[in-house]
Amino acid sequence: MTHAAPGDLIVDWYAAAARDLPWRAPGVDAWAVLVSEVMLQQTPVARVEPVWRQWLARWPTPATLAAEPTGEVIRAWGKLGYPRRALRLQAAAAVIAAEHDGVVPDDVDTLESLPGIGSYTARAVACFGYGQRQPVVDTNVRRVVARLVHGRAEALPARASDLGDVAALAPADHDRAVRFSVAVMELGALVCVAGTPRCGVCPVRGVCAWRLAGSPAHDGPARKVQKFAGTDRQVRGRLLDVLRAATGPVEQPELDAVWDDPVQRGRCLDSLLVDGLVVQTDDARFALPG
DNA sequence: AACGCGTGGTC
DNA sequence: TGACCAAGCGT
């Protein structure tokens, strides 16, 4: 008797267990997929959903986003976090509009050359947006591969061989291989999670190298969790929050009120100016870019 | 290659 | 309750 390959088990599990997410609906185009993928970089699904709907209703094509004042784009990004992503997404839209006839490229290398689009996002767009057979490796997938294939408790740092590891798990059939790429991510997001994995409901528990090894604890160094309170990130967030809420340019004292330490405050405001998230007006006030 | 970059939910 | 976590990217 033959055993189903892990990739097939994961695809079949996905058919029954996948979340019903709007960017996975039939007819969602590559632009909508691209917007979702950039928003989902480090931001949870629940917070992305409403903003993604608003963006696609407002900017249904790359050209429409490219034509918008950047301040409006930053404002519409809202509190998704890491607002430089909004800047880069608009810059990518501008390249798509100017150099690709407004059509999101379907080639991984071309996608990867766009601002804010790296290895993960390029492959996600090619696979989810264009139905290509592509290994798509994010943190969830690296964790699944670490356990299922390598018998380790936690993901290793990203490395070039990740793509081959995932490709080796994919079913031979084209359509199933395409679905496998999203399915293995979903498995990592719902079952093979970072905290306590739900091995009892895992479709590949019987062939998982980590389980078969007795679920050994992670041996390497614990990865350090980044601080937030008191960091420049927090200060930048507060400064930008004031500017997003304002209808026009704001005076310096209004920004000074968000943080006591003038040195750190000044450094953060300057970095926002350097990033292009904030501009200074002729009369020395501050605003989102026009 | 390690680090900086936002925000809010969870246990 | 604060540590941990969430579909990365650029430098």
# chains A, B, ... in the order shown; residues from 1 in each chain; ligands from 1
>>> residues_around(residues="region 2-8 of chain C", least_positions_apart="3", cutoff="7 Å", atoms="only C-alpha atoms (C1' of nucleotides)", output="list in words")
Glu37, Leu40, Gln41, Gln42, Thr43, Pro44 and Asp138 of chain A
>>> closest_atom_pairs(of="chain B", to="chain A", cutoff="10 Å", atoms="only C-alpha atoms (C1' of nucleotides)", output="Markdown table")
| residue | atom | partner | partner_atom | distance |
| --- | --- | --- | --- | --- |
| B:DG4 | C1' | A:Arg233 | CA | 8.3 |
| B:DC5 | C1' | A:Tyr82 | CA | 5.9 |
| B:DG6 | C1' | A:Gly81 | CA | 3.8 |
| B:DT7 | C1' | A:Gly81 | CA | 5.4 |
| B:DG8 | C1' | A:Arg47 | CA | 9.0 |
| B:DG9 | C1' | A:Pro44 | CA | 9.3 |
>>> residues_around(residues="Gly188 (chain A)", least_positions_apart="4", cutoff="7 Å", atoms="only C-alpha atoms (C1' of nucleotides)", output="PDB file with C-alpha atoms, in the first residue's frame")
ATOM      1  CA  ASN A 140       5.167  30.056   8.558  1.00  0.00           C
ATOM      2  CA  VAL A 141       6.567  27.893   5.803  1.00  0.00           C
ATOM      3  CA  ARG A 143       8.608  26.727  10.562  1.00  0.00           C
ATOM      4  CA  VAL A 144       6.641  23.903   8.895  1.00  0.00           C
ATOM      5  CA  VAL A 184       1.548  25.109   3.549  1.00  0.00           C
ATOM      6  CA  CYS A 192       1.965  24.387  12.998  1.00  0.00           C
ATOM      7  CA  VAL A 193       2.057  27.652  14.923  1.00  0.00           C
TER       8      VAL A 193
END
>>> select_by_dssp(residues="region 59-264 of chain A", states="helix (DSSP H, G or I)", output="PyMOL selection string")
chain A and resi 62-66+70-77+84-99+108-112+119-129+139-148+161-169+174-190+199-201+205-207+209-212+232-245+252-256+262-264
>>> closest_residue(among="A:Ser181, A:Pro115, A:Asp12, A:Val201", to="DG10 (chain C)", atoms="only C-alpha atoms (C1' of nucleotides)")
A:Pro115
>>> closest_residue(among="A:Ala30, A:Val178, A:Val279, A:Leu187", to="Pro203 (chain A)", atoms="only C-alpha atoms")
A:Leu187
